[in-house]
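Novice: Sending over entry.cif (mmCIF, C-alpha atoms (C1' of nucleotides)).
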```cif
data_entry
#
loop_
_atom_site.label_atom_id
_atom_site.label_comp_id
_atom_site.auth_asym_id
_atom_site.auth_seq_id
_atom_site.Cartn_x
_atom_site.Cartn_y
_atom_site.Cartn_z
CA MET Z 184 96.55 110.24 118.70
CA THR Z 185 96.76 106.49 118.76
CA THR Z 186 99.07 105.84 115.89
CA THR Z 187 101.06 102.78 116.81
CA PRO Z 188 100.42 99.71 118.90
CA GLN Z 189 102.81 99.62 121.79
CA THR Z 190 103.24 95.98 122.60
CA LEU Z 191 103.25 92.73 120.74
CA LEU Z 192 100.19 91.54 122.58
CA GLU Z 193 98.22 94.67 121.85
CA HIS Z 194 99.07 94.36 118.22
CA LEU Z 195 98.12 90.71 118.00
CA ARG Z 196 94.74 91.41 119.55
CA GLY Z 197 94.15 94.21 117.11
CA THR Z 198 94.65 92.26 113.91
CA ILE Z 199 91.75 91.18 111.79
CA TRP Z 200 92.26 87.47 112.09
CA ALA Z 201 92.92 87.52 115.82
CA ARG Z 202 89.45 88.82 116.55
CA THR Z 203 87.90 85.67 115.19
CA LEU Z 204 89.91 83.27 117.32
CA THR Z 205 88.68 81.59 120.44
CA ALA Z 206 90.30 82.36 123.76
CA PRO Z 207 92.41 79.18 123.87
CA GLU Z 208 93.56 79.72 120.30
CA MET Z 209 94.48 83.29 121.08
CA ALA Z 210 96.35 82.20 124.17
CA ARG Z 211 98.57 79.92 122.13
CA VAL Z 212 99.20 82.60 119.54
CA GLU Z 213 100.24 85.05 122.21
CA ALA Z 214 102.50 82.48 123.78
CA ASP Z 215 104.21 81.49 120.55
CA CYS Z 216 104.73 84.77 118.75
CA THR Z 217 107.92 86.72 119.15
CA GLU Z 218 108.88 90.26 118.35
CA HIS Z 219 111.92 91.38 116.39
CA PHE Z 220 113.41 94.65 115.31
CA VAL Z 221 114.66 95.39 111.81
CA PRO Z 222 116.51 98.65 111.20
CA LYS Z 223 115.83 100.79 108.19
CA GLY Z 224 117.26 99.22 105.07
CA GLY Z 225 117.63 95.82 106.71
CA PHE Z 226 116.28 92.54 105.43
CA VAL Z 227 113.24 91.09 107.14
CA CYS Z 228 113.86 87.97 105.14
CA ARG Z 229 115.59 87.11 101.92
CA LYS Z 230 114.69 85.24 98.82
CA GLY Z 231 115.49 81.55 99.02
CA GLU Z 232 115.52 81.40 102.79
CA ALA Z 233 113.95 78.44 104.48
CA LEU Z 234 110.46 79.18 105.65
CA VAL Z 235 109.97 79.11 109.39
CA CYS Z 236 107.55 81.86 110.23
CA TRP Z 237 104.51 83.82 109.28
CA ILE Z 238 105.46 87.45 109.64
CA GLY Z 239 103.40 90.46 110.62
CA ILE Z 240 104.24 94.14 110.74
CA ILE Z 241 103.74 95.75 114.12
CA ASP Z 242 105.18 99.13 113.32
CA GLY Z 243 107.06 100.61 110.43
CA LEU Z 244 106.91 99.75 106.77
CA VAL Z 245 108.37 97.08 104.50
CA LYS Z 246 108.35 96.36 100.82
CA MET Z 247 108.15 92.97 99.18
CA ASN Z 248 110.28 92.49 96.12
CA ASN Z 249 108.51 89.96 93.97
CA PHE Z 250 110.07 88.43 90.89
CA SER Z 251 107.96 86.85 88.23
CA PRO Z 252 109.10 83.59 86.61
CA SER Z 253 110.30 85.57 83.60
CA GLY Z 254 112.74 87.19 85.94
CA LYS Z 255 112.40 90.80 85.00
CA ASN Z 256 109.01 91.80 86.30
CA VAL Z 257 109.76 93.39 89.63
CA THR Z 258 106.68 94.43 91.50
CA PHE Z 259 106.79 96.34 94.72
CA THR Z 260 104.18 95.59 97.29
CA GLY Z 261 104.13 97.48 100.53
CA VAL Z 262 103.06 96.01 103.82
CA ALA Z 263 101.88 98.42 106.47
CA PRO Z 264 101.35 97.84 110.20
CA GLY Z 265 98.66 95.21 110.67
CA GLY Z 266 99.59 93.30 107.54
CA TRP Z 267 100.87 89.75 107.49
CA PHE Z 268 102.66 87.88 104.75
CA GLY Z 269 104.48 84.68 103.87
CA GLU Z 270 101.49 82.35 103.94
CA GLY Z 271 101.93 81.43 100.30
CA SER Z 272 105.32 79.89 100.82
CA LEU Z 273 104.24 78.33 104.10
CA LEU Z 274 101.35 76.56 102.41
CA LYS Z 275 103.46 75.28 99.58
CA ASP Z 276 106.21 74.11 101.90
CA ASP Z 277 108.59 76.17 99.84
CA THR Z 278 111.31 78.72 100.26
CA ARG Z 279 110.66 82.41 100.01
CA LYS Z 280 110.22 83.82 96.56
CA TYR Z 281 111.06 87.40 97.41
CA ASP Z 282 113.12 89.74 99.49
CA VAL Z 283 111.45 91.76 102.16
CA ILE Z 284 113.18 94.99 103.04
CA ALA Z 285 112.38 97.50 105.77
CA LEU Z 286 111.82 101.00 104.47
CA ARG Z 287 112.11 102.42 107.93
CA ASP Z 288 112.85 101.10 111.38
CA THR Z 289 110.37 98.31 111.71
CA ARG Z 290 109.10 95.96 114.38
CA ILE Z 291 107.88 92.60 113.21
CA ALA Z 292 106.05 89.72 114.81
CA ARG Z 293 106.92 86.15 113.94
CA MET Z 294 104.51 83.27 114.30
CA PRO Z 295 106.20 79.86 114.26
CA ARG Z 296 105.22 77.59 111.46
CA ALA Z 297 103.76 75.01 113.81
CA THR Z 298 101.39 77.58 115.27
CA PHE Z 299 100.38 78.73 111.83
CA GLU Z 300 99.54 75.23 110.69
CA TRP Z 301 97.74 74.51 113.91
CA LEU Z 302 95.52 77.55 113.39
CA LEU Z 303 94.89 76.51 109.84
CA GLU Z 304 93.56 73.17 110.95
CA ASN Z 305 91.55 74.34 113.92
CA SER Z 306 90.16 77.74 113.09
CA LEU Z 307 87.77 78.12 110.20
CA PRO Z 308 87.67 81.94 110.47
CA PHE Z 309 91.45 82.01 110.28
CA THR Z 310 91.38 79.88 107.16
CA ARG Z 311 88.77 82.16 105.69
CA PHE Z 312 90.96 85.17 106.37
CA LEU Z 313 93.85 83.52 104.58
CA LEU Z 314 91.68 82.71 101.59
CA MET Z 315 90.63 86.32 101.37
CA GLN Z 316 94.20 87.54 101.57
CA LEU Z 317 95.44 85.08 98.97
CA ASN Z 318 92.62 86.09 96.69
CA GLU Z 319 93.57 89.72 97.05
CA ARG Z 320 97.15 89.00 96.06
CA LEU Z 321 96.01 86.92 93.13
CA GLY Z 322 93.89 89.79 91.93
CA GLN Z 323 96.89 92.06 92.13
CA PHE Z 324 99.04 89.80 90.02
CA ILE Z 325 96.36 89.29 87.43
CA GLY Z 326 95.89 93.01 87.19
CA GLN Z 327 99.59 93.52 86.64
CA ILE Z 328 99.77 90.87 83.97
CA GLU Z 329 96.67 92.04 82.21
CA TYR Z 330 97.68 95.63 81.73
CA ASP Z 331 101.09 96.14 80.30
CA ARG Z 332 100.74 99.81 80.90
CA MET Z 333 101.54 99.32 84.52
CA LEU Z 334 104.34 101.72 83.78
CA ASP Z 335 102.00 104.50 84.75
CA VAL Z 336 103.26 105.80 88.01
CA ASP Z 337 99.87 107.19 88.92
CA THR Z 338 98.32 103.75 88.61
CA ARG Z 339 101.13 102.04 90.45
CA VAL Z 340 100.83 104.42 93.37
CA ALA Z 341 97.08 103.90 93.52
CA ARG Z 342 97.40 100.13 93.46
CA SER Z 343 100.16 100.05 96.03
CA LEU Z 344 98.08 102.05 98.46
CA ALA Z 345 94.96 100.00 97.81
CA ALA Z 346 96.85 96.78 98.43
CA MET Z 347 98.15 98.00 101.75
CA PHE Z 348 94.75 99.10 102.90
CA ASN Z 349 93.09 95.81 102.10
CA ALA Z 350 94.82 94.30 105.06
CA HIS Z 351 94.66 97.39 107.16
CA LEU Z 352 91.25 98.91 106.80
CA TYR Z 353 88.67 96.32 107.64
CA PRO Z 354 88.67 96.12 111.42
CA GLY Z 355 87.79 99.76 111.65
CA ILE Z 356 91.30 100.93 112.18
CA ASP Z 357 92.13 104.44 111.22
CA GLU Z 358 91.98 105.14 107.55
CA LEU Z 359 94.97 107.35 108.08
CA VAL Z 360 98.28 105.64 107.47
CA PRO Z 361 101.45 107.39 108.53
CA ILE Z 362 103.60 107.09 105.45
CA SER Z 363 105.69 109.82 103.91
CA GLN Z 364 105.58 110.55 100.23
CA GLU Z 365 109.20 109.56 99.98
CA GLU Z 366 108.31 106.09 101.20
CA ILE Z 367 105.46 105.88 98.74
CA GLY Z 368 108.03 106.65 96.09
CA TYR Z 369 110.10 103.68 97.19
CA LEU Z 370 107.07 101.44 97.15
CA SER Z 371 105.96 102.29 93.67
CA GLY Z 372 109.43 102.57 92.22
CA ALA Z 373 109.27 106.27 91.53
CA SER Z 374 111.04 109.37 92.68
CA ARG Z 375 109.58 111.34 95.52
CA GLN Z 376 108.68 114.18 93.19
CA ARG Z 377 106.80 111.89 90.86
CA ALA Z 378 105.03 110.24 93.76
CA ASN Z 379 104.00 113.66 94.97
CA GLN Z 380 102.60 114.44 91.56
CA ALA Z 381 100.66 111.19 91.46
CA LEU Z 382 99.28 111.73 94.92
CA GLN Z 383 98.07 115.17 94.06
CA LEU Z 384 96.28 113.75 91.05
CA LEU Z 385 94.61 111.11 93.18
CA GLU Z 386 93.64 113.75 95.69
CA LYS Z 387 92.03 115.86 92.97
CA GLN Z 388 89.89 112.88 92.08
CA GLY Z 389 88.74 112.57 95.66
CA LEU Z 390 90.29 109.17 96.26
CA LEU Z 391 92.46 110.26 99.14
CA ARG Z 392 93.56 113.21 101.17
CA LEU Z 393 97.10 114.33 101.77
CA ASP Z 394 98.07 115.02 105.34
CA TYR Z 395 101.35 115.97 106.85
CA GLY Z 396 103.29 112.75 107.25
CA GLY Z 397 100.45 110.55 106.13
CA ILE Z 398 97.73 109.65 103.69
CA ARG Z 399 94.01 109.41 104.35
CA VAL Z 400 92.17 107.03 102.08
CA LEU Z 401 88.68 108.17 101.19
CA ASP Z 402 87.74 105.75 98.44
CA LEU Z 403 89.43 102.37 98.56
CA GLU Z 404 87.47 100.94 95.66
CA GLY Z 405 88.30 103.96 93.56
CA LEU Z 406 91.98 103.51 94.27
CA ARG Z 407 91.86 99.86 93.44
CA HIS Z 408 90.22 100.42 90.09
CA PHE Z 409 92.06 103.56 89.20
CA GLU Z 410 93.43 103.73 85.69
CA ALA Z 411 95.51 106.43 84.16
CA GLN Z 412 93.53 108.65 81.86
CA SER Z 413 95.00 109.26 78.49
CA GLY Z 414 92.84 112.17 77.44
CA VAL Z 415 91.20 115.17 79.06
CA SER Z 416 87.65 114.62 80.12
"C1'" DT A 264 101.14 127.62 129.10
"C1'" DC A 265 103.55 130.05 125.73
"C1'" DA A 266 107.54 131.25 122.78
"C1'" DT A 267 111.60 129.71 120.40
"C1'" DT A 268 114.34 126.15 118.00
"C1'" DA A 269 115.19 122.07 115.62
"C1'" DA A 270 113.90 118.35 112.67
"C1'" DA A 271 110.98 116.23 109.34
"C1'" DT A 272 107.94 116.56 105.42
"C1'" DT A 273 106.03 118.64 101.43
"C1'" DG A 274 105.49 121.55 97.19
"C1'" DT A 275 107.99 123.55 93.48
"C1'" DT A 276 111.74 124.56 90.14
"C1'" DA Q 15 118.81 117.21 92.89
"C1'" DA Q 16 118.25 121.46 95.35
"C1'" DC Q 17 115.54 124.98 97.54
"C1'" DA Q 18 111.80 127.25 100.18
"C1'" DA Q 19 107.67 126.76 102.85
"C1'" DT Q 20 104.99 124.32 106.21
"C1'" DT Q 21 104.11 121.23 110.15
"C1'" DT Q 22 105.32 118.71 114.15
"C1'" DA Q 23 108.21 117.80 118.16
"C1'" DA Q 24 111.17 119.45 121.77
"C1'" DT Q 25 113.06 122.62 124.84
"C1'" DG Q 26 113.07 126.15 128.34
"C1'" DA Q 27 111.30 130.13 130.77
#
```
What do you get writing this file as structure tokens?
Specialist:
Amino acid sequence: MTTTPQTLLEHLRGTIWARTLTAPEMARVEADCTEHFVPKGGFVCRKGEALVCWIGIIDGLVKMNNFSPSGKNVTFTGVAPGGWFGEGSLLKDDTRKYDVIALRDTRIARMPRATFEWLLENSLPFTRFLLMQLNERLGQFIGQIEYDRMLDVDTRVARSLAAMFNAHLYPGIDELVPISQEEIGYLSGASRQRANQALQLLEKQGLLRLDYGGIRVLDLEGLRHFEAQSGVS
DNA sequence: TCATTAAATTGTT
DNA sequence: AACAATTTAATGA
């Protein structure tokens, strides 16, 4: 089983955006990126911190705590191995708008801001990747604003998983993500029991399959558009 | 290689 | 939250 990338370099070469870079561009990325370890429960970065890096997840799992301007709306977004985040604040030359917390022991990669901006100016495919990712996030937020019944745990679980797989699935990586149901509970703000219940519902609908220690996504679109059903059909 | 044990994860109450 | 059942990982013969 090839579950986790072993080295920083291997991971960088396996990401979606890296595959579109030229050799010289890739060489600089590999030279500039550094690897860091964050223990379970630790902060990858905190709200209000100065922005210095674009951060990617090599191994482990983190959650982003996003606060809406109104202050109360706390939305959990998980980032799985292969996902990168922080570009929004980097582009706006702003401080971070959220806390990022490791749900388990996690290894992260940090790309210095200068490298990020250099890529942005020199690589069109990289820019295109960022546009796609920003658009995905925007769609998430709109969805959460539009439906005020986002209280449905089933829906939240489905959306959380779909969001993680957007970044993870494309390059033909495994559709199996090693994440325990307890961690899914953390991500969607529910108890483990409730997460289990939601997952079983989603499995019944053929959107995913439950494995020991992991989830296998069968229908990403279905997950993304899943809505809780009020009645029996 | 196979059997036993321990640890982690999951399903249920 | 607590319990039982199941799966994986680890250990030793």
Novice: Quick one: apply the PyMOL selection byres ((chain Z and resi 220-234) around 6) to the file and drop the selected residues here as a PyMOL selection string.
Specialist: chain Z and resi 219+235+278-290
Novice: Keeping C-alpha atoms, export the residues of the selection given above as an mmCIF file, in the frame of the given file.
Specialist:
```cif
data_model
loop_
_atom_site.group_PDB
_atom_site.id
_atom_site.type_symbol
_atom_site.label_atom_id
_atom_site.label_comp_id
_atom_site.auth_asym_id
_atom_site.auth_seq_id
_atom_site.Cartn_x
_atom_site.Cartn_y
_atom_site.Cartn_z
ATOM 1 C CA HIS Z 219 111.920 91.380 116.390
ATOM 2 C CA VAL Z 235 109.970 79.110 109.390
ATOM 3 C CA THR Z 278 111.310 78.720 100.260
ATOM 4 C CA ARG Z 279 110.660 82.410 100.010
ATOM 5 C CA LYS Z 280 110.220 83.820 96.560
ATOM 6 C CA TYR Z 281 111.060 87.400 97.410
ATOM 7 C CA ASP Z 282 113.120 89.740 99.490
ATOM 8 C CA VAL Z 283 111.450 91.760 102.160
ATOM 9 C CA ILE Z 284 113.180 94.990 103.040
ATOM 10 C CA ALA Z 285 112.380 97.500 105.770
ATOM 11 C CA LEU Z 286 111.820 101.000 104.470
ATOM 12 C CA ARG Z 287 112.110 102.420 107.930
ATOM 13 C CA ASP Z 288 112.850 101.100 111.380
ATOM 14 C CA THR Z 289 110.370 98.310 111.710
ATOM 15 C CA ARG Z 290 109.100 95.960 114.380
#
```
Novice: Excluding same-chain residues fewer than 2 positions from Met347 of chain Z, what lies within 10 Å of it counting all atoms listed in the file, as a list of chain:residue names?
Specialist: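 Here the qualifying residues turn out to be Z:Thr260, Z:Gly261, Z:Val262, Z:Ala263, Z:Pro264, Z:Gly265, Z:Gly266, Z:Arg342, Z:Ser343, Z:Leu344, Z:Ala345, Z:Asn349, Z:Ala350, Z:His351, Z:Leu352, Z:Val360.
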Novice: Write out, as a PDB file, keeping the file's coordinate frame, the residues just selected, with C-alpha atoms.
Specialist:
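This went into part22.pdb:
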```pdb
ATOM      1  CA  THR Z 260     104.180  95.590  97.290  1.00  0.00           C
ATOM      2  CA  GLY Z 261     104.130  97.480 100.530  1.00  0.00           C
ATOM      3  CA  VAL Z 262     103.060  96.010 103.820  1.00  0.00           C
ATOM      4  CA  ALA Z 263     101.880  98.420 106.470  1.00  0.00           C
ATOM      5  CA  PRO Z 264     101.350  97.840 110.200  1.00  0.00           C
ATOM      6  CA  GLY Z 265      98.660  95.210 110.670  1.00  0.00           C
ATOM      7  CA  GLY Z 266      99.590  93.300 107.540  1.00  0.00           C
ATOM      8  CA  ARG Z 342      97.400 100.130  93.460  1.00  0.00           C
ATOM      9  CA  SER Z 343     100.160 100.050  96.030  1.00  0.00           C
ATOM     10  CA  LEU Z 344      98.080 102.050  98.460  1.00  0.00           C
ATOM     11  CA  ALA Z 345      94.960 100.000  97.810  1.00  0.00           C
ATOM     12  CA  ASN Z 349      93.090  95.810 102.100  1.00  0.00           C
ATOM     13  CA  ALA Z 350      94.820  94.300 105.060  1.00  0.00           C
ATOM     14  CA  HIS Z 351      94.660  97.390 107.160  1.00  0.00           C
ATOM     15  CA  LEU Z 352      91.250  98.910 106.800  1.00  0.00           C
ATOM     16  CA  VAL Z 360      98.280 105.640 107.470  1.00  0.00           C
TER      17      VAL Z 360
END
```
Novice: Exactly which residues make up the result of the PyMOL selection byres ((chain A) within 10 of (chain Z)) on this file, given as a PyMOL selection string?
Specialist: chain A and resi 271-275
Novice: Mind giving me the straight-line distance from atom CA of Met247 of chain Z to atom CA of Ala341 of chain Z in Å, one decimal?
Specialist: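 Between atom CA of Met247 of chain Z and atom CA of Ala341 of chain Z the gap is 16.6 Å.
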Novice: Translate the PyMOL selection byres ((chain Q) within 10 of (chain Z)) into a concrete residue list for this structure, as a PyMOL selection string.
Specialist: chain Q and resi 20-22
Novice: Give me, please, the distance in Å between atom CA of Ala373 of chain Z and atom CA of Asn248 of chain Z, quoted to one decimal.
Specialist: 14.6 Å
Novice: Atom CA of Asp402 of chain Z and atom CA of Val336 of chain Z, how far apart in Å?
Specialist: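 About the pair atom CA of Val336 of chain Z and atom CA of Asp402 of chain Z: they are 18.7 Å apart.
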Novice: For DA24 of chain Q, list every protein, DNA or RNA residue within 12 Å, evaluated using all atoms listed in the file, and leave out those in the same chain fewer than 3 positions away; present the list as a ChimeraX atom specification.
Specialist: /A:267-270
Novice: Taking into account all atoms listed in the file, which residue in the set Z:Phe259, Z:Phe299, Z:Leu317, Z:Glu386 is nearest to Ser371 of chain Z?
Specialist: Z:Phe259
Novice: Do a neighbour search on Leu403 of chain Z at 8 Å with only C-alpha atoms (C1' of nucleotides), toss out local chain neighbours closer than 4 positions, and write the hits as number ranges by chain.
Specialist: Z: 345, 348, 390, 407
Novice: Using all atoms listed in the file, which of the listed residues (Z:Thr190, Z:Thr338, Z:Gln323, Z:Gln388) sits closest to Ala411 of chain Z?
Specialist: Z:Thr338
Novice: Considering only C-alpha atoms, state which residue in the set Z:Trp267, Z:Leu384, Z:Thr203, Z:Ala346 is at the smallest distance from Glu319 of chain Z.
Specialist: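 Closest candidate: Z:Ala346.
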Novice: For segment 287-322 of chain Z, supply N, CA and C atoms and report the output as a CSV table (one decimal), in the coordinates of the input.
Specialist:
```
chain,number,residue,atom,x,y,z
Z,287,ARG,N,111.8,101.6,106.8
Z,287,ARG,CA,112.1,102.4,107.9
Z,287,ARG,C,112.3,101.5,109.1
Z,288,ASP,N,112.7,102.0,110.2
Z,288,ASP,CA,112.8,101.1,111.4
Z,288,ASP,C,111.5,100.4,111.6
Z,289,THR,N,111.6,99.1,111.7
Z,289,THR,CA,110.4,98.3,111.7
Z,289,THR,C,110.4,97.2,112.8
Z,290,ARG,N,109.2,97.0,113.4
Z,290,ARG,CA,109.1,96.0,114.4
Z,290,ARG,C,108.2,94.9,113.8
Z,291,ILE,N,108.7,93.7,113.8
Z,291,ILE,CA,107.9,92.6,113.2
Z,291,ILE,C,107.5,91.6,114.3
Z,292,ALA,N,106.5,90.8,114.0
Z,292,ALA,CA,106.0,89.7,114.8
Z,292,ALA,C,106.2,88.4,114.0
Z,293,ARG,N,106.7,87.4,114.6
Z,293,ARG,CA,106.9,86.2,113.9
Z,293,ARG,C,106.1,85.1,114.6
Z,294,MET,N,105.3,84.4,113.8
Z,294,MET,CA,104.5,83.3,114.3
Z,294,MET,C,105.1,82.0,113.8
Z,295,PRO,N,105.5,81.1,114.7
Z,295,PRO,CA,106.2,79.9,114.3
Z,295,PRO,C,105.3,79.1,113.3
Z,296,ARG,N,106.0,78.4,112.5
Z,296,ARG,CA,105.2,77.6,111.5
Z,296,ARG,C,104.2,76.6,112.1
Z,297,ALA,N,104.6,76.0,113.2
Z,297,ALA,CA,103.8,75.0,113.8
Z,297,ALA,C,102.5,75.7,114.3
Z,298,THR,N,102.6,76.9,114.8
Z,298,THR,CA,101.4,77.6,115.3
Z,298,THR,C,100.5,77.9,114.1
Z,299,PHE,N,101.1,78.4,113.0
Z,299,PHE,CA,100.4,78.7,111.8
Z,299,PHE,C,99.6,77.6,111.3
Z,300,GLU,N,100.2,76.4,111.2
Z,300,GLU,CA,99.5,75.2,110.7
Z,300,GLU,C,98.5,74.7,111.6
Z,301,TRP,N,98.7,74.9,112.9
Z,301,TRP,CA,97.7,74.5,113.9
Z,301,TRP,C,96.5,75.4,113.8
Z,302,LEU,N,96.7,76.7,113.6
Z,302,LEU,CA,95.5,77.6,113.4
Z,302,LEU,C,94.8,77.2,112.1
Z,303,LEU,N,95.5,76.8,111.1
Z,303,LEU,CA,94.9,76.5,109.8
Z,303,LEU,C,94.0,75.3,110.0
Z,304,GLU,N,94.4,74.4,110.8
Z,304,GLU,CA,93.6,73.2,111.0
Z,304,GLU,C,92.4,73.3,111.9
Z,305,ASN,N,92.5,74.3,112.8
Z,305,ASN,CA,91.6,74.3,113.9
Z,305,ASN,C,90.6,75.5,113.8
Z,306,SER,N,91.0,76.5,113.1
Z,306,SER,CA,90.2,77.7,113.1
Z,306,SER,C,89.7,78.0,111.7
Z,307,LEU,N,88.4,77.8,111.5
Z,307,LEU,CA,87.8,78.1,110.2
Z,307,LEU,C,87.8,79.6,109.9
Z,308,PRO,N,87.6,80.5,110.8
Z,308,PRO,CA,87.7,81.9,110.5
Z,308,PRO,C,89.1,82.3,110.0
Z,309,PHE,N,90.1,81.7,110.7
Z,309,PHE,CA,91.4,82.0,110.3
Z,309,PHE,C,91.7,81.6,108.8
Z,310,THR,N,91.2,80.4,108.5
Z,310,THR,CA,91.4,79.9,107.2
Z,310,THR,C,90.7,80.8,106.2
Z,311,ARG,N,89.5,81.3,106.6
Z,311,ARG,CA,88.8,82.2,105.7
Z,311,ARG,C,89.5,83.5,105.5
Z,312,PHE,N,90.2,84.0,106.5
Z,312,PHE,CA,91.0,85.2,106.4
Z,312,PHE,C,92.1,85.0,105.4
Z,313,LEU,N,92.8,83.8,105.5
Z,313,LEU,CA,93.8,83.5,104.6
Z,313,LEU,C,93.4,83.4,103.1
Z,314,LEU,N,92.2,82.8,102.9
Z,314,LEU,CA,91.7,82.7,101.6
Z,314,LEU,C,91.5,84.1,101.0
Z,315,MET,N,90.9,85.0,101.8
Z,315,MET,CA,90.6,86.3,101.4
Z,315,MET,C,91.9,87.0,101.0
Z,316,GLN,N,92.9,86.9,101.8
Z,316,GLN,CA,94.2,87.5,101.6
Z,316,GLN,C,94.9,87.0,100.3
Z,317,LEU,N,94.8,85.7,100.2
Z,317,LEU,CA,95.4,85.1,99.0
Z,317,LEU,C,94.7,85.6,97.7
Z,318,ASN,N,93.4,85.6,97.8
Z,318,ASN,CA,92.6,86.1,96.7
Z,318,ASN,C,93.0,87.5,96.3
Z,319,GLU,N,93.2,88.3,97.3
Z,319,GLU,CA,93.6,89.7,97.0
Z,319,GLU,C,94.9,89.8,96.3
Z,320,ARG,N,95.8,89.0,96.7
Z,320,ARG,CA,97.2,89.0,96.1
Z,320,ARG,C,97.0,88.5,94.6
Z,321,LEU,N,96.2,87.5,94.5
Z,321,LEU,CA,96.0,86.9,93.1
Z,321,LEU,C,95.4,88.0,92.2
Z,322,GLY,N,94.5,88.7,92.7
Z,322,GLY,CA,93.9,89.8,91.9
Z,322,GLY,C,94.9,90.8,91.5
```
